[in-house]
>>> print(open('model.cif').read())   # mmCIF, C-alpha atoms and all ligand atoms
data_model
loop_
_atom_site.label_atom_id
_atom_site.label_comp_id
_atom_site.auth_asym_id
_atom_site.auth_seq_id
_atom_site.Cartn_x
_atom_site.Cartn_y
_atom_site.Cartn_z
CA MET M 1 0.00 0.00 0.00
CA THR M 2 1.07 3.56 -0.56
CA PHE M 3 2.18 5.33 2.58
CA GLY M 4 3.12 8.92 1.85
CA GLU M 5 6.12 8.78 -0.45
CA MET M 6 6.76 5.12 0.30
CA ASP M 7 5.24 1.78 -0.52
CA ILE M 8 4.87 -0.52 2.47
CA ARG M 9 3.82 -4.13 2.62
CA LEU M 10 3.77 -6.77 5.35
CA LEU M 11 5.24 -9.91 3.81
CA ASP M 12 3.85 -13.09 5.38
CA ASP M 13 6.65 -15.50 6.29
CA GLY M 14 4.17 -18.08 7.60
CA THR M 15 2.92 -19.41 10.89
CA PHE M 16 4.32 -20.96 14.04
CA LYS M 17 3.14 -21.73 17.57
CA LEU M 18 4.42 -20.87 21.02
CA ASP M 19 3.29 -21.82 24.51
CA GLY M 20 0.32 -19.64 25.46
CA GLY M 21 1.56 -19.26 29.03
CA ALA M 22 4.93 -17.97 27.81
CA MET M 23 3.23 -15.54 25.41
CA PHE M 24 1.02 -13.98 28.10
CA GLY M 25 3.40 -14.06 31.09
CA ILE M 26 1.58 -13.39 34.36
CA VAL M 27 -1.93 -13.35 32.87
CA PRO M 28 -3.93 -16.38 34.10
CA LYS M 29 -4.94 -18.88 31.45
CA PRO M 30 -8.70 -18.53 32.08
CA LEU M 31 -8.35 -14.94 30.84
CA TRP M 32 -6.06 -15.38 27.82
CA GLU M 33 -7.60 -18.61 26.53
CA LYS M 34 -10.87 -16.78 25.89
CA ILE M 35 -9.05 -14.43 23.52
CA THR M 36 -6.67 -16.96 21.97
CA PRO M 37 -7.66 -20.62 22.43
CA PRO M 38 -4.60 -22.92 22.72
CA ASP M 39 -4.11 -26.27 20.97
CA GLU M 40 -3.77 -29.60 22.82
CA ALA M 41 -0.11 -28.80 23.59
CA ASN M 42 -1.11 -25.38 25.08
CA ARG M 43 0.37 -23.54 22.09
CA ILE M 44 -1.23 -20.50 20.42
CA PRO M 45 -1.01 -19.64 16.72
CA LEU M 46 1.31 -16.83 15.63
CA ARG M 47 2.43 -15.42 12.32
CA THR M 48 5.76 -13.96 11.33
CA GLY M 49 5.45 -10.77 9.35
CA VAL M 50 8.37 -9.08 7.62
CA LEU M 51 7.99 -5.42 6.70
CA LEU M 52 9.02 -4.34 3.21
CA VAL M 53 9.50 -0.60 2.71
CA ARG M 54 10.09 0.57 -0.84
CA HIS M 55 11.53 3.98 -0.76
CA GLN M 56 13.50 6.30 -3.01
CA GLY M 57 16.49 5.41 -0.82
CA GLY M 58 16.14 1.72 -1.67
CA ASN M 59 14.36 -1.43 -0.58
CA ILE M 60 14.31 -2.06 3.15
CA LEU M 61 13.31 -5.26 4.95
CA VAL M 62 12.61 -5.22 8.66
CA ASP M 63 13.44 -8.65 10.09
CA THR M 64 13.71 -11.84 8.11
CA GLY M 65 11.45 -14.44 9.76
CA MET M 66 12.41 -17.94 10.90
CA GLY M 67 14.25 -18.92 7.75
CA THR M 68 14.93 -22.41 6.47
CA LYS M 69 17.79 -23.69 8.64
CA LEU M 70 15.87 -25.21 11.57
CA SER M 71 15.99 -28.95 12.17
CA PRO M 72 12.81 -31.05 11.72
CA LYS M 73 12.70 -31.49 15.51
CA LEU M 74 12.67 -27.73 16.18
CA ARG M 75 10.20 -27.16 13.34
CA SER M 76 7.87 -29.59 15.07
CA ILE M 77 8.30 -27.98 18.53
CA TYR M 78 7.48 -24.58 17.05
CA GLY M 79 4.66 -25.96 14.84
CA LEU M 80 6.51 -24.12 12.11
CA GLY M 81 5.05 -24.02 8.60
CA PRO M 82 7.20 -23.48 5.50
CA SER M 83 9.02 -20.15 5.19
CA LEU M 84 7.05 -18.02 2.74
CA LEU M 85 9.29 -14.95 2.73
CA LEU M 86 11.09 -15.37 -0.58
CA GLY M 87 7.82 -16.23 -2.34
CA ALA M 88 6.19 -13.14 -0.84
CA LEU M 89 9.16 -11.06 -1.96
CA ALA M 90 8.84 -12.47 -5.49
CA GLU M 91 5.14 -11.57 -5.48
CA ALA M 92 6.23 -8.02 -4.70
CA GLY M 93 8.48 -8.21 -7.79
CA LEU M 94 11.77 -8.42 -5.89
CA THR M 95 14.62 -10.90 -5.47
CA PRO M 96 16.98 -11.12 -2.45
CA ASP M 97 19.57 -9.15 -4.47
CA ASP M 98 17.16 -6.21 -4.63
CA ILE M 99 17.23 -5.67 -0.86
CA ASP M 100 19.50 -2.76 0.08
CA ILE M 101 19.01 -2.67 3.86
CA VAL M 102 17.86 -5.24 6.41
CA VAL M 103 16.93 -3.83 9.81
CA PHE M 104 16.66 -6.21 12.77
CA THR M 105 14.28 -5.33 15.59
CA HIS M 106 16.47 -7.81 17.49
CA LEU M 107 18.33 -11.03 16.74
CA HIS M 108 16.01 -13.71 18.19
CA ILE M 109 15.54 -16.72 15.99
CA ASP M 110 12.09 -15.73 14.67
CA HIS M 111 13.44 -12.35 13.53
CA ALA M 112 16.95 -13.14 12.25
CA GLY M 113 16.63 -16.80 11.15
CA GLY M 114 15.93 -15.87 7.53
CA ALA M 115 19.00 -13.62 7.26
CA THR M 116 21.13 -16.61 6.31
CA ARG M 117 20.54 -19.86 4.45
CA LEU M 118 22.54 -23.04 4.08
CA ASP M 119 24.60 -23.25 0.89
CA ASP M 120 25.30 -26.50 -1.00
CA SER M 121 28.06 -27.42 1.45
CA GLY M 122 25.76 -26.87 4.45
CA LYS M 123 27.39 -23.60 5.50
CA ALA M 124 25.27 -20.63 6.62
CA THR M 125 25.61 -17.80 4.12
CA PRO M 126 23.87 -14.39 3.84
CA ALA M 127 20.41 -14.64 2.25
CA PHE M 128 20.43 -10.95 1.22
CA PRO M 129 24.03 -10.67 0.02
CA ARG M 130 23.93 -7.03 -1.11
CA ALA M 131 22.20 -5.66 1.97
CA GLU M 132 23.63 -3.71 4.84
CA HIS M 133 22.24 -5.27 8.06
CA VAL M 134 21.46 -2.71 10.75
CA ILE M 135 21.45 -3.76 14.41
CA GLN M 136 21.60 -1.94 17.73
CA THR M 137 25.03 -2.38 19.33
CA ALA M 138 23.38 -3.54 22.60
CA GLU M 139 21.54 -6.27 20.70
CA TRP M 140 24.66 -7.43 18.89
CA GLN M 141 26.56 -7.66 22.16
CA ALA M 142 23.73 -9.61 23.82
CA ALA M 143 23.58 -12.01 20.89
CA VAL M 144 27.30 -12.75 20.70
CA ASN M 145 27.67 -13.02 24.50
CA PRO M 146 24.47 -14.81 25.57
CA ASN M 147 23.88 -15.87 29.17
CA GLU M 148 22.11 -18.88 30.64
CA ARG M 149 18.73 -17.19 30.25
CA THR M 150 19.15 -15.90 26.68
CA ARG M 151 21.24 -18.59 24.97
CA GLY M 152 18.24 -20.49 23.60
CA SER M 153 16.93 -17.43 21.76
CA TYR M 154 20.03 -16.74 19.66
CA VAL M 155 21.53 -18.88 16.89
CA PRO M 156 25.02 -17.65 15.89
CA ASP M 157 24.58 -18.99 12.33
CA ASP M 158 21.80 -16.42 11.88
CA PHE M 159 24.07 -13.39 12.30
CA VAL M 160 27.81 -14.26 12.55
CA PRO M 161 28.04 -14.94 8.77
CA LEU M 162 26.71 -11.40 8.20
CA GLN M 163 29.66 -9.99 10.12
CA ASP M 164 32.09 -12.37 8.38
CA ASN M 165 30.91 -10.92 5.07
CA GLY M 166 31.21 -7.30 6.20
CA LEU M 167 27.45 -6.72 6.04
CA VAL M 168 26.77 -5.52 9.61
CA ARG M 169 26.27 -1.89 10.60
CA LEU M 170 25.84 -1.28 14.33
CA VAL M 171 23.90 1.75 15.57
CA ASP M 172 23.60 3.21 19.06
CA GLY M 173 20.16 4.34 20.16
CA ASP M 174 17.61 6.25 18.08
CA CYS M 175 18.68 7.30 14.60
CA ASP M 176 17.39 8.21 11.16
CA LEU M 177 18.03 5.28 8.84
CA THR M 178 17.01 7.23 5.76
CA ASP M 179 14.53 9.94 4.90
CA GLY M 180 11.32 9.21 6.86
CA VAL M 181 12.55 5.91 8.33
CA LYS M 182 13.59 6.15 11.96
CA LEU M 183 14.96 3.47 14.27
CA VAL M 184 13.84 3.79 17.89
CA GLN M 185 15.54 1.69 20.56
CA THR M 186 12.80 0.61 22.96
CA GLY M 187 14.51 -1.94 25.19
CA GLY M 188 11.99 -4.02 27.11
CA HIS M 189 11.94 -7.30 25.23
CA THR M 190 15.72 -7.15 24.98
CA ASP M 191 17.93 -4.19 25.89
CA GLY M 192 18.77 -3.59 22.23
CA HIS M 193 15.26 -4.12 20.85
CA GLN M 194 14.24 -1.44 18.34
CA ILE M 195 11.11 -0.55 16.40
CA VAL M 196 10.88 1.20 13.04
CA VAL M 197 8.87 4.42 12.77
CA LEU M 198 7.86 5.68 9.34
CA ASP M 199 7.00 9.32 8.73
CA SER M 200 5.89 10.27 5.25
CA GLY M 201 3.34 12.55 3.63
CA GLY M 202 2.10 13.71 7.03
CA ARG M 203 1.37 10.17 8.25
CA LYS M 204 3.17 8.07 10.82
CA ALA M 205 3.42 4.32 11.22
CA ALA M 206 5.30 1.96 13.51
CA PHE M 207 6.41 -1.63 12.99
CA LEU M 208 6.22 -2.93 16.54
CA GLY M 209 8.47 -5.98 16.62
CA ASP M 210 8.16 -7.71 19.99
CA LEU M 211 7.25 -4.50 21.87
CA ILE M 212 3.56 -5.31 21.19
CA PRO M 213 3.75 -8.63 19.30
CA THR M 214 0.00 -9.17 18.81
CA VAL M 215 -3.14 -7.10 19.23
CA SER M 216 -3.86 -8.97 22.50
CA HIS M 217 -0.64 -7.51 23.91
CA LEU M 218 -2.06 -3.97 23.75
CA LYS M 219 -3.42 -4.64 27.26
CA LEU M 220 -0.65 -3.37 29.53
CA PRO M 221 -0.24 -6.49 31.76
CA TYR M 222 -0.22 -8.81 28.72
CA MET M 223 3.51 -9.32 28.29
CA MET M 224 5.64 -12.26 27.33
CA ALA M 225 7.65 -14.40 29.73
CA TYR M 226 10.45 -13.88 27.16
CA ASP M 227 10.59 -10.13 27.94
CA LEU M 228 13.85 -9.51 29.79
CA TYR M 229 13.03 -6.02 31.14
CA PRO M 230 9.28 -6.04 31.87
CA MET M 231 9.02 -2.70 33.70
CA ASP M 232 10.84 -0.94 30.86
CA LEU M 233 8.54 -2.66 28.43
CA VAL M 234 5.31 -1.59 30.13
CA ALA M 235 6.48 2.04 30.25
CA ARG M 236 7.46 2.07 26.55
CA LYS M 237 4.27 0.30 25.52
CA LYS M 238 2.11 2.75 27.45
CA ALA M 239 3.91 5.75 25.94
CA LEU M 240 3.67 4.36 22.42
CA ILE M 241 -0.05 3.65 22.75
CA GLU M 242 -0.66 7.23 23.96
CA THR M 243 1.33 8.69 21.07
CA ALA M 244 -0.35 6.42 18.53
CA LEU M 245 -3.79 7.48 19.80
CA ALA M 246 -2.90 11.19 19.88
CA GLU M 247 -1.26 11.24 16.43
CA ASN M 248 -3.32 8.52 14.73
CA TRP M 249 -0.36 6.27 13.93
CA LEU M 250 -0.79 3.20 11.76
CA LEU M 251 0.47 0.27 13.85
CA ILE M 252 1.88 -2.83 12.17
CA TRP M 253 1.90 -6.10 14.11
CA GLN M 254 4.56 -8.68 13.47
CA HIS M 255 3.10 -11.75 15.17
CA ASP M 256 -0.67 -11.34 15.24
CA PRO M 257 -2.23 -14.33 13.44
CA ASN M 258 -5.17 -12.28 12.11
CA ILE M 259 -4.60 -8.52 12.16
CA GLU M 260 -1.71 -7.06 10.22
CA MET M 261 -2.16 -3.36 10.84
CA GLY M 262 -4.62 -0.78 12.04
CA HIS M 263 -5.24 2.43 13.95
CA LEU M 264 -6.13 2.61 17.64
CA ARG M 265 -9.34 3.94 19.15
CA ARG M 266 -10.08 4.42 22.82
CA GLN M 267 -13.34 2.95 24.08
CA GLY M 268 -13.87 3.50 27.78
CA ASP M 269 -10.84 2.03 29.54
CA ASP M 270 -10.00 -0.16 26.56
CA VAL M 271 -7.94 0.49 23.48
CA LEU M 272 -9.34 -1.12 20.35
CA VAL M 273 -7.88 -1.64 16.91
CA GLU M 274 -9.72 -0.29 13.97
CA ALA M 275 -8.34 -2.63 11.37
CA GLY M 276 -8.86 -1.26 7.98
CA SER M 277 -5.63 -1.15 6.15
CA SER M 278 -5.83 -4.43 4.32
CA LEU M 279 -2.74 -5.60 2.55
CA ASP M 280 -2.62 -6.06 -1.19
ZN ZN U 301 9.32 -12.43 17.95
#
>>> encode(input="model.cif", output="structure tokens")
Amino acid sequence: MTFGEMDIRLLDDGTFKLDGGAMFGIVPKPLWEKITPPDEANRIPLRTGVLLVRHQGGNILVDTGMGTKLSPKLRSIYGLGPSLLLGALAEAGLTPDDIDIVVFTHLHIDHAGGATRLDDSGKATPAFPRAEHVIQTAEWQAAVNPNERTRGSYVPDDFVPLQDNGLVRLVDGDCDLTDGVKLVQTGGHTDGHQIVVLDSGGRKAAFLGDLIPTVSHLKLPYMMAYDLYPMDLVARKKALIETALAENWLLIWQHDPNIEMGHLRRQGDDVLVEAGSSLD
């Protein structure tokens, strides 16, 4: 869809499933299961969206989905369907060589997995070989020096080959990536987590990453057990919701299984999504 001077599209990389309890943290199951019924293994359905921004400054992808490197065992644990990203890119008329910049909200497996693929010899190699890959320094450091809590979320083969090929650009804090495309370090989910804010033709939009992964997570206490800094997260989420309401931002959800984007409306104490911006 046209967004000011840009064209934006949420590419669907496919579906996966995670434990409902982990996705909703401290919220009791009798509350969350009414909104999102779990399967027999207590998992809820999720989608992985990848944002494509076509811009006079080039073609930008935000995140790369799960990719194709996971073992059959892990694919089964995550209920992971086939990766649809390259097909969705082709439908948009682009090949991996056409991507100029890849931005990572953070380097967890469901965001960075598609940044590399296995070559014929089984070695992980960059999937977008011409692209500069932009990452917060804090996120890079967390990913290359994981601790006991975070080790399971990072797969070195997703991002080390990018550095080996000279494709990584580290940034520190908020910055303008290019005209109308701003990176905002939010922390919360991880210290180096960032969102992408678009500002074009008088309109604003935000790709939320894991700050607000699904529409259900708009409720302030609905946070993931994966969030490393929950009090930071709730403060950032609250501030973003207020700004989005006041300035009528278009919000783009990365993991919601049903709603890709929409504007917020306040109704009593609740914040609702007025979905409307369908994707072509
Ligand atoms: Zn995620």
>>> residues_near_ligand(input="model.cif", ligand="ligand ZN 301 (chain U)", cutoff="12 Å", atoms="all atoms listed in the file", output="number ranges by chain")
M: 15-18, 23, 46-50, 63-66, 104-113, 153-154, 189-190, 193, 208-214, 224, 226-227, 253-256
>>> write_last_selection(input="model.cif", atoms="C-alpha atoms", output="mmCIF file, keeping the file's coordinate frame")
data_model
loop_
_atom_site.group_PDB
_atom_site.id
_atom_site.type_symbol
_atom_site.label_atom_id
_atom_site.label_comp_id
_atom_site.auth_asym_id
_atom_site.auth_seq_id
_atom_site.Cartn_x
_atom_site.Cartn_y
_atom_site.Cartn_z
ATOM 1 C CA THR M 15 2.920 -19.410 10.890
ATOM 2 C CA PHE M 16 4.320 -20.960 14.040
ATOM 3 C CA LYS M 17 3.140 -21.730 17.570
ATOM 4 C CA LEU M 18 4.420 -20.870 21.020
ATOM 5 C CA MET M 23 3.230 -15.540 25.410
ATOM 6 C CA LEU M 46 1.310 -16.830 15.630
ATOM 7 C CA ARG M 47 2.430 -15.420 12.320
ATOM 8 C CA THR M 48 5.760 -13.960 11.330
ATOM 9 C CA GLY M 49 5.450 -10.770 9.350
ATOM 10 C CA VAL M 50 8.370 -9.080 7.620
ATOM 11 C CA ASP M 63 13.440 -8.650 10.090
ATOM 12 C CA THR M 64 13.710 -11.840 8.110
ATOM 13 C CA GLY M 65 11.450 -14.440 9.760
ATOM 14 C CA MET M 66 12.410 -17.940 10.900
ATOM 15 C CA PHE M 104 16.660 -6.210 12.770
ATOM 16 C CA THR M 105 14.280 -5.330 15.590
ATOM 17 C CA HIS M 106 16.470 -7.810 17.490
ATOM 18 C CA LEU M 107 18.330 -11.030 16.740
ATOM 19 C CA HIS M 108 16.010 -13.710 18.190
ATOM 20 C CA ILE M 109 15.540 -16.720 15.990
ATOM 21 C CA ASP M 110 12.090 -15.730 14.670
ATOM 22 C CA HIS M 111 13.440 -12.350 13.530
ATOM 23 C CA ALA M 112 16.950 -13.140 12.250
ATOM 24 C CA GLY M 113 16.630 -16.800 11.150
ATOM 25 C CA SER M 153 16.930 -17.430 21.760
ATOM 26 C CA TYR M 154 20.030 -16.740 19.660
ATOM 27 C CA HIS M 189 11.940 -7.300 25.230
ATOM 28 C CA THR M 190 15.720 -7.150 24.980
ATOM 29 C CA HIS M 193 15.260 -4.120 20.850
ATOM 30 C CA LEU M 208 6.220 -2.930 16.540
ATOM 31 C CA GLY M 209 8.470 -5.980 16.620
ATOM 32 C CA ASP M 210 8.160 -7.710 19.990
ATOM 33 C CA LEU M 211 7.250 -4.500 21.870
ATOM 34 C CA ILE M 212 3.560 -5.310 21.190
ATOM 35 C CA PRO M 213 3.750 -8.630 19.300
ATOM 36 C CA THR M 214 0.000 -9.170 18.810
ATOM 37 C CA MET M 224 5.640 -12.260 27.330
ATOM 38 C CA TYR M 226 10.450 -13.880 27.160
ATOM 39 C CA ASP M 227 10.590 -10.130 27.940
ATOM 40 C CA TRP M 253 1.900 -6.100 14.110
ATOM 41 C CA GLN M 254 4.560 -8.680 13.470
ATOM 42 C CA HIS M 255 3.100 -11.750 15.170
ATOM 43 C CA ASP M 256 -0.670 -11.340 15.240
#
>>> atom_distance(input="model.cif", atom1="CA of Asp172 (chain M)", atom2="CA of Val102 (chain M)")
16.3 Å
>>> closest_residue(input="model.cif", among="M:Ser71, M:Ala246, M:Gly188, M:His55", to="Tyr229 (chain M)", atoms="all atoms listed in the file")
M:Gly188
>>> residues_around(input="model.cif", residues="Met6 (chain M)", least_positions_apart="3", cutoff="9 Å", atoms="only C-alpha atoms", output="number ranges by chain")
M: 1-3, 53-56, 180, 200-201
>>> closest_residue(input="model.cif", among="M:Val215, M:Thr243, M:Gly58, M:Val196", to="Glu274 (chain M)", atoms="only C-alpha atoms")
M:Val215
>>> atom_distance(input="model.cif", atom1="CA of Val62 (chain M)", atom2="CA of Ala235 (chain M)")
23.6 Å
>>> residues_around(input="model.cif", residues="Ala92 (chain M)", least_positions_apart="3", cutoff="9 Å", atoms="all atoms listed in the file", output="number ranges by chain")
M: 9, 11, 87-89, 95
>>> closest_residue(input="model.cif", among="M:Leu251, M:Val103, M:Leu228, M:Leu198", to="Leu167 (chain M)", atoms="only C-alpha atoms")
M:Val103
>>> atom_distance(input="model.cif", atom1="CA of Asp100 (chain M)", atom2="CA of Ala131 (chain M)")
4.4 Å
>>> residues_around(input="model.cif", residues="Ala244 (chain M)", least_positions_apart="3", cutoff="10 Å", atoms="all atoms listed in the file", output="MDAnalysis selection string")
chainID M and resid 204:206 238:241 247:251 263:265
>>> closest_residue(input="model.cif", among="M:Leu118, M:Ile135, M:Ala142, M:Ala22", to="Val168 (chain M)", atoms="all atoms listed in the file")
M:Ile135
>>> closest_residue(input="model.cif", among="M:Asp120, M:Val197, M:Gln163, M:Gly67", to="Asp179 (chain M)", atoms="only C-alpha atoms")
M:Val197
>>> closest_residue(input="model.cif", among="M:Thr137, M:Asn59, M:Thr36, M:Asn42", to="Gly79 (chain M)", atoms="all atoms listed in the file")
M:Asn42
>>> decode(input="model.cif", residues="region 94-113 of chain M", atoms="N, CA and C atoms", output="PDB file, in the first residue's frame")
ATOM      1  N   LEU M  94      10.382  -8.619  -6.318  1.00  0.00           N
ATOM      2  CA  LEU M  94      11.767  -8.421  -5.890  1.00  0.00           C
ATOM      3  C   LEU M  94      12.478  -9.755  -5.658  1.00  0.00           C
ATOM      4  N   THR M  95      13.786  -9.746  -5.822  1.00  0.00           N
ATOM      5  CA  THR M  95      14.624 -10.896  -5.469  1.00  0.00           C
ATOM      6  C   THR M  95      15.476 -10.499  -4.260  1.00  0.00           C
ATOM      7  N   PRO M  96      16.115 -11.475  -3.598  1.00  0.00           N
ATOM      8  CA  PRO M  96      16.976 -11.121  -2.451  1.00  0.00           C
ATOM      9  C   PRO M  96      18.049 -10.091  -2.815  1.00  0.00           C
ATOM     10  N   ASP M  97      18.540 -10.120  -4.057  1.00  0.00           N
ATOM     11  CA  ASP M  97      19.569  -9.154  -4.466  1.00  0.00           C
ATOM     12  C   ASP M  97      19.057  -7.717  -4.525  1.00  0.00           C
ATOM     13  N   ASP M  98      17.731  -7.555  -4.551  1.00  0.00           N
ATOM     14  CA  ASP M  98      17.161  -6.206  -4.634  1.00  0.00           C
ATOM     15  C   ASP M  98      17.064  -5.522  -3.268  1.00  0.00           C
ATOM     16  N   ILE M  99      17.364  -6.263  -2.194  1.00  0.00           N
ATOM     17  CA  ILE M  99      17.232  -5.668  -0.856  1.00  0.00           C
ATOM     18  C   ILE M  99      18.520  -4.915  -0.515  1.00  0.00           C
ATOM     19  N   ASP M 100      18.351  -3.614  -0.206  1.00  0.00           N
ATOM     20  CA  ASP M 100      19.503  -2.759   0.082  1.00  0.00           C
ATOM     21  C   ASP M 100      19.842  -2.718   1.574  1.00  0.00           C
ATOM     22  N   ILE M 101      18.791  -2.762   2.404  1.00  0.00           N
ATOM     23  CA  ILE M 101      19.006  -2.672   3.857  1.00  0.00           C
ATOM     24  C   ILE M 101      18.100  -3.688   4.552  1.00  0.00           C
ATOM     25  N   VAL M 102      18.660  -4.420   5.499  1.00  0.00           N
ATOM     26  CA  VAL M 102      17.858  -5.242   6.412  1.00  0.00           C
ATOM     27  C   VAL M 102      18.023  -4.633   7.803  1.00  0.00           C
ATOM     28  N   VAL M 103      16.901  -4.314   8.427  1.00  0.00           N
ATOM     29  CA  VAL M 103      16.931  -3.832   9.814  1.00  0.00           C
ATOM     30  C   VAL M 103      16.456  -4.982  10.697  1.00  0.00           C
ATOM     31  N   PHE M 104      17.137  -5.224  11.804  1.00  0.00           N
ATOM     32  CA  PHE M 104      16.659  -6.211  12.769  1.00  0.00           C
ATOM     33  C   PHE M 104      16.066  -5.504  13.977  1.00  0.00           C
ATOM     34  N   THR M 105      14.814  -5.833  14.323  1.00  0.00           N
ATOM     35  CA  THR M 105      14.275  -5.334  15.592  1.00  0.00           C
ATOM     36  C   THR M 105      15.139  -5.883  16.719  1.00  0.00           C
ATOM     37  N   HIS M 106      15.529  -7.148  16.579  1.00  0.00           N
ATOM     38  CA  HIS M 106      16.465  -7.809  17.492  1.00  0.00           C
ATOM     39  C   HIS M 106      16.857  -9.114  16.817  1.00  0.00           C
ATOM     40  N   LEU M 107      17.731  -9.891  17.454  1.00  0.00           N
ATOM     41  CA  LEU M 107      18.327 -11.034  16.738  1.00  0.00           C
ATOM     42  C   LEU M 107      17.769 -12.382  17.185  1.00  0.00           C
ATOM     43  N   HIS M 108      16.606 -12.407  17.841  1.00  0.00           N
ATOM     44  CA  HIS M 108      16.007 -13.705  18.188  1.00  0.00           C
ATOM     45  C   HIS M 108      15.707 -14.480  16.907  1.00  0.00           C
ATOM     46  N   ILE M 109      15.609 -15.785  17.114  1.00  0.00           N
ATOM     47  CA  ILE M 109      15.544 -16.721  15.992  1.00  0.00           C
ATOM     48  C   ILE M 109      14.384 -16.436  15.027  1.00  0.00           C
ATOM     49  N   ASP M 110      13.245 -15.959  15.557  1.00  0.00           N
ATOM     50  CA  ASP M 110      12.093 -15.732  14.674  1.00  0.00           C
ATOM     51  C   ASP M 110      12.174 -14.384  13.958  1.00  0.00           C
ATOM     52  N   HIS M 111      13.248 -13.649  14.185  1.00  0.00           N
ATOM     53  CA  HIS M 111      13.441 -12.350  13.530  1.00  0.00           C
ATOM     54  C   HIS M 111      14.669 -12.354  12.620  1.00  0.00           C
ATOM     55  N   ALA M 112      15.685 -13.140  13.011  1.00  0.00           N
ATOM     56  CA  ALA M 112      16.949 -13.143  12.249  1.00  0.00           C
ATOM     57  C   ALA M 112      17.196 -14.457  11.509  1.00  0.00           C
ATOM     58  N   GLY M 113      16.365 -15.482  11.748  1.00  0.00           N
ATOM     59  CA  GLY M 113      16.634 -16.800  11.147  1.00  0.00           C
ATOM     60  C   GLY M 113      16.750 -16.768   9.640  1.00  0.00           C
TER      61      GLY M 113
END
